[in-house]
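Novice: Have a peek at upload37.pdb (PDB, C-alpha atoms, pLDDT in the B column).
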```pdb
ATOM      1  CA  GLN A 218     108.001 109.896 125.823  1.00 63.00           C
ATOM      2  CA  LYS A 219     107.132 111.984 122.777  1.00 74.00           C
ATOM      3  CA  GLU A 220     109.495 111.663 119.837  1.00 86.00           C
ATOM      4  CA  VAL A 221     110.159 115.409 119.773  1.00 90.00           C
ATOM      5  CA  GLU A 222     109.911 117.674 122.803  1.00 91.00           C
ATOM      6  CA  GLN A 223     109.958 121.460 122.605  1.00 93.00           C
ATOM      7  CA  ASP A 224     109.326 124.067 125.279  1.00 84.00           C
ATOM      8  CA  PRO A 225     106.370 126.134 123.990  1.00 78.00           C
ATOM      9  CA  GLY A 226     107.415 129.324 125.789  1.00 83.00           C
ATOM     10  CA  PRO A 227     106.291 132.025 125.205  1.00 91.00           C
ATOM     11  CA  LEU A 228     109.641 133.743 124.977  1.00 94.00           C
ATOM     12  CA  SER A 229     109.881 137.545 125.022  1.00 96.00           C
ATOM     13  CA  VAL A 230     113.134 139.389 124.297  1.00 96.00           C
ATOM     14  CA  PRO A 231     114.177 142.949 123.431  1.00 97.00           C
ATOM     15  CA  GLU A 232     115.373 143.810 119.948  1.00 97.00           C
ATOM     16  CA  GLY A 233     119.024 142.913 119.442  1.00 97.00           C
ATOM     17  CA  ALA A 234     119.029 140.023 121.922  1.00 97.00           C
ATOM     18  CA  ILE A 235     120.433 136.575 121.181  1.00 97.00           C
ATOM     19  CA  VAL A 236     117.699 133.961 121.226  1.00 96.00           C
ATOM     20  CA  SER A 237     118.158 130.254 121.904  1.00 96.00           C
ATOM     21  CA  LEU A 238     115.411 127.792 120.953  1.00 96.00           C
ATOM     22  CA  ASN A 239     115.743 124.117 121.770  1.00 95.00           C
ATOM     23  CA  CYS A 240     114.309 120.680 121.144  1.00 94.00           C
ATOM     24  CA  THR A 241     115.113 117.180 122.323  1.00 93.00           C
ATOM     25  CA  TYR A 242     114.335 113.989 120.460  1.00 91.00           C
ATOM     26  CA  SER A 243     114.144 110.372 121.499  1.00 88.00           C
ATOM     27  CA  ASN A 244     115.163 108.262 118.477  1.00 82.00           C
ATOM     28  CA  SER A 245     118.898 108.174 117.840  1.00 79.00           C
ATOM     29  CA  ALA A 246     118.215 106.930 114.306  1.00 80.00           C
ATOM     30  CA  PHE A 247     117.024 110.362 113.199  1.00 78.00           C
ATOM     31  CA  GLN A 248     119.435 111.693 110.610  1.00 79.00           C
ATOM     32  CA  TYR A 249     118.403 115.189 109.739  1.00 84.00           C
ATOM     33  CA  PHE A 250     116.699 118.016 111.476  1.00 91.00           C
ATOM     34  CA  MET A 251     114.740 121.074 110.464  1.00 93.00           C
ATOM     35  CA  TRP A 252     113.521 124.350 111.838  1.00 96.00           C
ATOM     36  CA  TYR A 253     110.336 125.914 110.499  1.00 96.00           C
ATOM     37  CA  ARG A 254     109.065 129.415 111.209  1.00 97.00           C
ATOM     38  CA  GLN A 255     105.325 130.056 111.386  1.00 96.00           C
ATOM     39  CA  TYR A 256     103.867 133.529 111.462  1.00 95.00           C
ATOM     40  CA  SER A 257     100.432 134.010 112.968  1.00 90.00           C
ATOM     41  CA  ARG A 258      97.655 132.562 110.801  1.00 86.00           C
ATOM     42  CA  LYS A 259     100.143 131.334 108.178  1.00 90.00           C
ATOM     43  CA  GLY A 260     101.592 127.959 107.227  1.00 93.00           C
ATOM     44  CA  PRO A 261     105.087 126.947 108.399  1.00 95.00           C
ATOM     45  CA  GLU A 262     108.036 127.873 106.182  1.00 94.00           C
ATOM     46  CA  LEU A 263     111.369 126.076 106.195  1.00 93.00           C
ATOM     47  CA  LEU A 264     114.049 128.135 107.887  1.00 95.00           C
ATOM     48  CA  MET A 265     117.003 125.773 108.121  1.00 92.00           C
ATOM     49  CA  TYR A 266     117.909 122.116 107.960  1.00 88.00           C
ATOM     50  CA  THR A 267     120.980 120.157 108.903  1.00 87.00           C
ATOM     51  CA  TYR A 268     122.082 116.570 108.304  1.00 80.00           C
ATOM     52  CA  SER A 269     124.854 116.214 110.810  1.00 75.00           C
ATOM     53  CA  SER A 270     126.126 117.145 114.195  1.00 79.00           C
ATOM     54  CA  GLY A 271     127.712 120.555 114.595  1.00 83.00           C
ATOM     55  CA  ASN A 272     126.669 124.003 113.488  1.00 88.00           C
ATOM     56  CA  LYS A 273     125.116 125.396 110.329  1.00 91.00           C
ATOM     57  CA  GLU A 274     124.932 129.141 109.880  1.00 93.00           C
ATOM     58  CA  ASP A 275     122.684 131.220 107.635  1.00 93.00           C
ATOM     59  CA  GLY A 276     122.856 134.940 108.228  1.00 96.00           C
ATOM     60  CA  ARG A 277     121.639 135.687 111.749  1.00 97.00           C
ATOM     61  CA  PHE A 278     120.480 132.092 112.241  1.00 97.00           C
ATOM     62  CA  THR A 279     122.570 129.147 113.468  1.00 96.00           C
ATOM     63  CA  ALA A 280     121.283 125.592 113.767  1.00 95.00           C
ATOM     64  CA  GLN A 281     123.144 123.267 116.090  1.00 93.00           C
ATOM     65  CA  VAL A 282     122.786 119.516 116.511  1.00 92.00           C
ATOM     66  CA  ASP A 283     124.236 117.422 119.325  1.00 90.00           C
ATOM     67  CA  LYS A 284     123.463 113.812 118.441  1.00 87.00           C
ATOM     68  CA  SER A 285     125.115 112.440 121.557  1.00 88.00           C
ATOM     69  CA  SER A 286     122.629 114.377 123.703  1.00 90.00           C
ATOM     70  CA  LYS A 287     119.769 114.189 121.145  1.00 90.00           C
ATOM     71  CA  TYR A 288     119.503 117.945 121.390  1.00 91.00           C
ATOM     72  CA  ILE A 289     118.933 120.500 118.629  1.00 93.00           C
ATOM     73  CA  SER A 290     119.089 124.259 118.916  1.00 95.00           C
ATOM     74  CA  LEU A 291     118.366 127.333 116.857  1.00 96.00           C
ATOM     75  CA  PHE A 292     120.168 130.552 117.705  1.00 96.00           C
ATOM     76  CA  ILE A 293     119.044 133.946 116.432  1.00 97.00           C
ATOM     77  CA  ARG A 294     121.555 136.789 116.666  1.00 97.00           C
ATOM     78  CA  ASP A 295     120.572 140.447 116.716  1.00 97.00           C
ATOM     79  CA  SER A 296     116.894 139.537 116.943  1.00 97.00           C
ATOM     80  CA  GLN A 297     114.421 141.791 115.147  1.00 97.00           C
ATOM     81  CA  PRO A 298     110.692 142.429 115.678  1.00 97.00           C
ATOM     82  CA  SER A 299     110.138 140.675 112.333  1.00 96.00           C
ATOM     83  CA  ASP A 300     111.497 137.495 113.963  1.00 97.00           C
ATOM     84  CA  SER A 301     108.378 137.367 116.147  1.00 97.00           C
ATOM     85  CA  ALA A 302     106.785 134.056 115.217  1.00 97.00           C
ATOM     86  CA  THR A 303     106.444 130.455 116.338  1.00 96.00           C
ATOM     87  CA  TYR A 304     109.505 128.314 115.688  1.00 97.00           C
ATOM     88  CA  LEU A 305     108.949 124.596 115.148  1.00 97.00           C
ATOM     89  CA  CYS A 306     111.615 121.925 115.168  1.00 96.00           C
ATOM     90  CA  ALA A 307     110.866 119.003 112.860  1.00 94.00           C
ATOM     91  CA  ILE A 308     112.343 115.582 112.303  1.00 91.00           C
ATOM     92  CA  PRO A 309     111.397 113.092 109.556  1.00 87.00           C
ATOM     93  CA  ASN A 310     109.489 110.023 110.726  1.00 83.00           C
ATOM     94  CA  GLN A 311     111.126 106.612 110.675  1.00 78.00           C
ATOM     95  CA  ALA A 312     110.131 106.097 107.053  1.00 77.00           C
ATOM     96  CA  GLY A 313     111.913 109.343 106.282  1.00 71.00           C
ATOM     97  CA  THR A 314     108.842 110.850 104.667  1.00 75.00           C
ATOM     98  CA  ALA A 315     106.440 112.892 106.789  1.00 84.00           C
ATOM     99  CA  LEU A 316     107.631 115.233 109.510  1.00 90.00           C
ATOM    100  CA  ILE A 317     107.259 114.970 113.272  1.00 92.00           C
ATOM    101  CA  PHE A 318     107.001 118.451 114.747  1.00 94.00           C
ATOM    102  CA  GLY A 319     107.668 119.814 118.182  1.00 95.00           C
ATOM    103  CA  LYS A 320     104.944 121.924 119.800  1.00 94.00           C
ATOM    104  CA  GLY A 321     106.633 125.127 118.673  1.00 95.00           C
ATOM    105  CA  THR A 322     108.113 127.982 120.707  1.00 96.00           C
ATOM    106  CA  THR A 323     106.393 131.358 120.373  1.00 95.00           C
ATOM    107  CA  LEU A 324     108.922 134.203 120.235  1.00 96.00           C
ATOM    108  CA  SER A 325     108.123 137.884 120.648  1.00 97.00           C
ATOM    109  CA  VAL A 326     110.805 140.490 119.946  1.00 97.00           C
ATOM    110  CA  SER A 327     109.986 143.975 121.164  1.00 96.00           C
ATOM    111  CA  SER A 328     111.441 147.150 119.682  1.00 92.00           C
TER
ATOM    112  CA  GLU B 178     107.433 131.903  93.267  1.00 73.00           C
ATOM    113  CA  ALA B 179     105.218 128.803  93.214  1.00 84.00           C
ATOM    114  CA  GLU B 180     103.086 128.235  96.292  1.00 93.00           C
ATOM    115  CA  VAL B 181     100.723 125.667  97.717  1.00 97.00           C
ATOM    116  CA  ALA B 182      97.162 126.952  97.475  1.00 97.00           C
ATOM    117  CA  GLN B 183      94.400 126.065  99.925  1.00 97.00           C
ATOM    118  CA  SER B 184      90.764 126.999 100.173  1.00 97.00           C
ATOM    119  CA  PRO B 185      88.782 128.084 101.990  1.00 97.00           C
ATOM    120  CA  ARG B 186      91.055 129.998 104.345  1.00 96.00           C
ATOM    121  CA  TYR B 187      88.433 129.974 107.091  1.00 97.00           C
ATOM    122  CA  LYS B 188      85.438 127.750 107.703  1.00 97.00           C
ATOM    123  CA  ILE B 189      82.850 127.871 110.459  1.00 97.00           C
ATOM    124  CA  THR B 190      80.444 124.979 110.692  1.00 97.00           C
ATOM    125  CA  GLU B 191      78.115 123.341 113.159  1.00 97.00           C
ATOM    126  CA  LYS B 192      78.830 119.926 114.572  1.00 96.00           C
ATOM    127  CA  SER B 193      77.443 117.022 112.565  1.00 96.00           C
ATOM    128  CA  GLN B 194      77.790 118.995 109.319  1.00 97.00           C
ATOM    129  CA  ALA B 195      80.100 118.008 106.471  1.00 97.00           C
ATOM    130  CA  VAL B 196      83.107 120.134 105.506  1.00 98.00           C
ATOM    131  CA  ALA B 197      85.632 119.876 102.705  1.00 98.00           C
ATOM    132  CA  PHE B 198      89.016 121.464 102.174  1.00 98.00           C
ATOM    133  CA  TRP B 199      90.901 121.788  98.915  1.00 98.00           C
ATOM    134  CA  CYS B 200      94.622 121.873  98.219  1.00 98.00           C
ATOM    135  CA  ASP B 201      96.534 122.593  95.018  1.00 97.00           C
ATOM    136  CA  PRO B 202     100.215 121.656  95.445  1.00 97.00           C
ATOM    137  CA  ILE B 203     103.170 123.221  93.702  1.00 96.00           C
ATOM    138  CA  SER B 204     103.193 122.107  90.079  1.00 95.00           C
ATOM    139  CA  GLY B 205     105.189 118.934  89.566  1.00 94.00           C
ATOM    140  CA  HIS B 206     105.261 117.929  93.217  1.00 96.00           C
ATOM    141  CA  ALA B 207     104.483 114.221  93.479  1.00 95.00           C
ATOM    142  CA  THR B 208     104.063 114.054  97.245  1.00 95.00           C
ATOM    143  CA  LEU B 209     101.202 115.748  99.060  1.00 97.00           C
ATOM    144  CA  TYR B 210     100.527 115.855 102.788  1.00 97.00           C
ATOM    145  CA  TRP B 211      97.615 116.881 104.970  1.00 97.00           C
ATOM    146  CA  TYR B 212      98.496 117.915 108.519  1.00 97.00           C
ATOM    147  CA  ARG B 213      96.263 119.045 111.384  1.00 97.00           C
ATOM    148  CA  GLN B 214      97.525 121.680 113.799  1.00 96.00           C
ATOM    149  CA  ILE B 215      95.618 122.194 117.027  1.00 95.00           C
ATOM    150  CA  LEU B 216      96.162 125.574 118.679  1.00 91.00           C
ATOM    151  CA  GLY B 217      99.396 125.562 120.657  1.00 89.00           C
ATOM    152  CA  GLN B 218     100.626 122.316 119.084  1.00 92.00           C
ATOM    153  CA  GLY B 219     102.824 121.385 116.158  1.00 94.00           C
ATOM    154  CA  PRO B 220     101.305 120.000 112.952  1.00 95.00           C
ATOM    155  CA  GLU B 221     100.488 116.283 112.967  1.00 95.00           C
ATOM    156  CA  LEU B 222     100.282 114.200 109.813  1.00 95.00           C
ATOM    157  CA  LEU B 223      96.840 113.006 108.771  1.00 96.00           C
ATOM    158  CA  VAL B 224      97.551 111.537 105.338  1.00 96.00           C
ATOM    159  CA  GLN B 225     100.333 111.383 102.758  1.00 95.00           C
ATOM    160  CA  PHE B 226      99.925 110.815  99.021  1.00 96.00           C
ATOM    161  CA  GLN B 227     102.502 109.794  96.463  1.00 95.00           C
ATOM    162  CA  ASP B 228     100.907 110.809  93.166  1.00 95.00           C
ATOM    163  CA  GLU B 229      97.336 109.496  93.484  1.00 94.00           C
ATOM    164  CA  SER B 230      98.140 106.730  95.997  1.00 94.00           C
ATOM    165  CA  VAL B 231      97.852 106.916  99.774  1.00 94.00           C
ATOM    166  CA  VAL B 232     101.224 106.208 101.375  1.00 92.00           C
ATOM    167  CA  ASP B 233     100.320 106.762 105.009  1.00 92.00           C
ATOM    168  CA  ASP B 234      96.892 107.343 106.514  1.00 94.00           C
ATOM    169  CA  SER B 235      97.540 105.634 109.828  1.00 91.00           C
ATOM    170  CA  GLN B 236      96.609 108.781 111.802  1.00 92.00           C
ATOM    171  CA  LEU B 237      93.523 109.649 109.774  1.00 95.00           C
ATOM    172  CA  PRO B 238      90.269 109.056 111.725  1.00 94.00           C
ATOM    173  CA  LYS B 239      88.708 107.044 108.969  1.00 93.00           C
ATOM    174  CA  ASP B 240      85.258 106.881 110.528  1.00 95.00           C
ATOM    175  CA  ARG B 241      84.766 110.558 109.717  1.00 97.00           C
ATOM    176  CA  PHE B 242      87.706 111.753 107.613  1.00 97.00           C
ATOM    177  CA  SER B 243      88.416 110.971 103.984  1.00 97.00           C
ATOM    178  CA  ALA B 244      91.010 112.248 101.556  1.00 97.00           C
ATOM    179  CA  GLU B 245      91.510 111.839  97.858  1.00 96.00           C
ATOM    180  CA  ARG B 246      93.901 112.911  95.129  1.00 96.00           C
ATOM    181  CA  LEU B 247      92.204 111.408  92.128  1.00 86.00           C
ATOM    182  CA  LYS B 248      94.446 112.674  89.324  1.00 90.00           C
ATOM    183  CA  GLY B 249      97.582 112.975  91.394  1.00 88.00           C
ATOM    184  CA  VAL B 250      97.417 116.755  91.400  1.00 94.00           C
ATOM    185  CA  ASP B 251      95.016 118.589  93.703  1.00 96.00           C
ATOM    186  CA  SER B 252      93.496 116.996  96.759  1.00 98.00           C
ATOM    187  CA  THR B 253      90.382 117.194  98.918  1.00 98.00           C
ATOM    188  CA  LEU B 254      90.072 116.436 102.614  1.00 98.00           C
ATOM    189  CA  LYS B 255      86.567 115.843 103.931  1.00 98.00           C
ATOM    190  CA  ILE B 256      85.132 115.564 107.422  1.00 98.00           C
ATOM    191  CA  GLN B 257      81.660 114.106 107.918  1.00 97.00           C
ATOM    192  CA  PRO B 258      80.239 114.597 110.477  1.00 97.00           C
ATOM    193  CA  ALA B 259      82.332 117.366 112.031  1.00 97.00           C
ATOM    194  CA  GLU B 260      82.840 117.282 115.801  1.00 97.00           C
ATOM    195  CA  LEU B 261      83.804 120.048 118.215  1.00 97.00           C
ATOM    196  CA  GLY B 262      87.277 118.536 118.624  1.00 96.00           C
ATOM    197  CA  ASP B 263      87.959 118.945 114.914  1.00 97.00           C
ATOM    198  CA  SER B 264      88.464 122.691 115.361  1.00 97.00           C
ATOM    199  CA  ALA B 265      92.023 123.249 114.176  1.00 97.00           C
ATOM    200  CA  MET B 266      94.189 124.496 111.321  1.00 97.00           C
ATOM    201  CA  TYR B 267      94.353 122.056 108.415  1.00 98.00           C
ATOM    202  CA  LEU B 268      97.608 122.405 106.532  1.00 98.00           C
ATOM    203  CA  CYS B 269      98.492 121.033 103.136  1.00 98.00           C
ATOM    204  CA  ALA B 270     102.119 120.578 102.108  1.00 97.00           C
ATOM    205  CA  SER B 271     103.837 119.256  99.010  1.00 96.00           C
ATOM    206  CA  SER B 272     107.315 118.126  98.054  1.00 94.00           C
ATOM    207  CA  PRO B 273     108.891 117.092  94.749  1.00 93.00           C
ATOM    208  CA  GLN B 274     109.273 113.573  96.119  1.00 87.00           C
ATOM    209  CA  ALA B 275     109.077 112.047  99.587  1.00 84.00           C
ATOM    210  CA  GLN B 276     112.112 112.857 101.764  1.00 79.00           C
ATOM    211  CA  GLU B 277     112.514 116.239 100.075  1.00 84.00           C
ATOM    212  CA  THR B 278     111.722 119.645 101.471  1.00 88.00           C
ATOM    213  CA  GLN B 279     108.042 120.147 102.239  1.00 92.00           C
ATOM    214  CA  TYR B 280     106.363 123.435 101.334  1.00 94.00           C
ATOM    215  CA  PHE B 281     103.268 124.383 103.274  1.00 96.00           C
ATOM    216  CA  GLY B 282     100.172 126.230 102.196  1.00 97.00           C
ATOM    217  CA  PRO B 283      98.512 128.952 104.307  1.00 96.00           C
ATOM    218  CA  GLY B 284      96.106 126.465 105.889  1.00 97.00           C
ATOM    219  CA  THR B 285      92.358 126.305 106.436  1.00 97.00           C
ATOM    220  CA  ARG B 286      91.245 127.346 109.891  1.00 96.00           C
ATOM    221  CA  LEU B 287      88.174 125.321 110.922  1.00 97.00           C
ATOM    222  CA  LEU B 288      85.873 126.228 113.776  1.00 97.00           C
ATOM    223  CA  VAL B 289      83.169 123.737 114.721  1.00 97.00           C
ATOM    224  CA  LEU B 290      80.354 125.140 116.850  1.00 96.00           C
TER
END
```
Can you turn what I pasted into structure tokens?
Specialist:
Amino acid sequence: QKEVEQDPGPLSVPEGAIVSLNCTYSNSAFQYFMWYRQYSRKGPELLMYTYSSGNKEDGRFTAQVDKSSKYISLFIRDSQPSDSATYLCAIPNQAGTALIFGKGTTLSVSS
Amino acid sequence: EAEVAQSPRYKITEKSQAVAFWCDPISGHATLYWYRQILGQGPELLVQFQDESVVDDSQLPKDRFSAERLKGVDSTLKIQPAELGDSAMYLCASSPQAQETQYFGPGTRLLVL
């Protein structure tokens, strides 16, 4: 089993829709979780991170962690065409240094 | 705003040739990472430096890949000889210290023919 699993999509939604992106992980020792956004032909940029179970909100974005289920989610409200990108979940490796990424989910928001 | 710089942005080479990629991290960042991202996959760590020392190169194919960060600032990743399967995006990232937020450069897209 891979340490981080993510459905690659692609996911297509109309503008204004609520988007749900998800990852599962295998190691219950993981302590904090990140979401990166990667536009086409660009490097990933950090979108959100969270250290604990529960929700963390930042504008239209909400990150949710369920440690009991080893499940992390990113919700995007009122999605915009500019949100069209690949979203990568990431978890630090066991040494807590480098990141282990999911495959990424490609999102397309149409106007 | 400070950014991680990488060059070249694109590189096309023939198999068995040598290629080199350069990365200049954000000023003051002690930790530097090289990741490889195959199309449709997430980035995977190749090598991690703390200042000029290699911290983790367990996933670096050492028969053909080498990386250095001689003065603890910029870094070079080399492939010799390149193989068809090396076609990918090579991403450099830096962080102030390990376990802190990593900032990625724009990447070098390599195509091996």
Novice: Could you tell me, as a tab-separated table (two decimals) with C-alpha atoms, in the coordinates of the input, which residues have any atom at most 6 Å from (96.0, 124.7, 115.9), counting only C-alpha atoms?
Specialist:
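Contents of out_18.tsv, freshly written:
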```tsv
chain	number	residue	atom	x	y	z
B	214	GLN	CA	97.52	121.68	113.80
B	215	ILE	CA	95.62	122.19	117.03
B	216	LEU	CA	96.16	125.57	118.68
B	217	GLY	CA	99.40	125.56	120.66
B	265	ALA	CA	92.02	123.25	114.18
B	266	MET	CA	94.19	124.50	111.32
```
Novice: Let me make sure I understand: among B:Asp263, B:Gly219, B:Lys188, B:Lys239, which one has the smallest atom-to-atom distance to chain A if we use all atoms listed in the file?
Specialist: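 Of all the options, B:Gly219 lies closest to chain A.
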Novice: Would you list which chain A residues are within 8 Å of chain B using all atoms listed in the file, as a PyMOL selection string?
Specialist: chain A and resi 225+258-263+305+309+313-321
Novice: Which residues, named as in the file, does the PyMOL selection byres ((chain A and resi 271) around 7) pick out? Answer as a PyMOL selection string.
Specialist: chain A and resi 269-270+272-273+281-283
Novice: Which residues match the PyMOL selection byres ((chain B and resi 192) around 9) in the file above, as an MDAnalysis selection string?
Specialist: chainID B and resid 190:191 193:195 258:261 289:290
Novice: Within 12 Å of (115.0, 137.1, 123.5) (coordinates as in the file), grab all the protein and nucleic acid residues, counting only C-alpha atoms, and write them out as a VMD selection string.
Specialist: chain A and resid 226 to 238 292 to 298 300 to 301 322 to 328
Novice: Taking all atoms of range 298-302 of chain A that appear in the file, build a box with edges along x, y and z, extend it by 6 Å on every side, and state its centre and edge lengths in Å to one decimal, as AutoDock Vina command-line options.
Specialist:
```
--center_x 109.1 --center_y 138.2 --center_z 114.2 --size_x 16.7 --size_y 20.4 --size_z 15.8
```
Novice: Any idea what the distance is between CA of Gln227 in chain B and CA of Gly249 in chain B?
Specialist: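 For CA of Gln227 in chain B relative to CA of Gly249 in chain B, the distance reads 7.7 Å.
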Novice: Interatomic distance between CA of Ser230 in chain B and CA of Tyr268 in chain A?
Specialist: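 According to the coordinates, CA of Ser230 in chain B and CA of Tyr268 in chain A are separated by 28.7 Å.
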Novice: In Å to one decimal, how far is CA of Ser271 in chain B from CA of Cys306 in chain A?
Specialist: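 Going from CA of Cys306 in chain A over to CA of Ser271 in chain B, I get 18.1 Å.
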Novice: Can you work out which one of A:Tyr304, A:Phe247, A:Tyr266, A:Tyr242 has the shortest atom-to-atom distance to Ser286 in chain A, counting all atoms listed in the file?
Specialist: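 Using all atoms listed in the file, the shortest distance to Ser286 in chain A belongs to A:Tyr242.
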Novice: Which residues are close to Ser184 in chain B, i.e. within 7 Å by only C-alpha atoms, leaving aside same-chain residues fewer than 6 positions away? Reply as a list of chain:residue names.
Specialist: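 The residues satisfying every condition are B:Phe198, B:Trp199, B:Cys200, B:Thr285.
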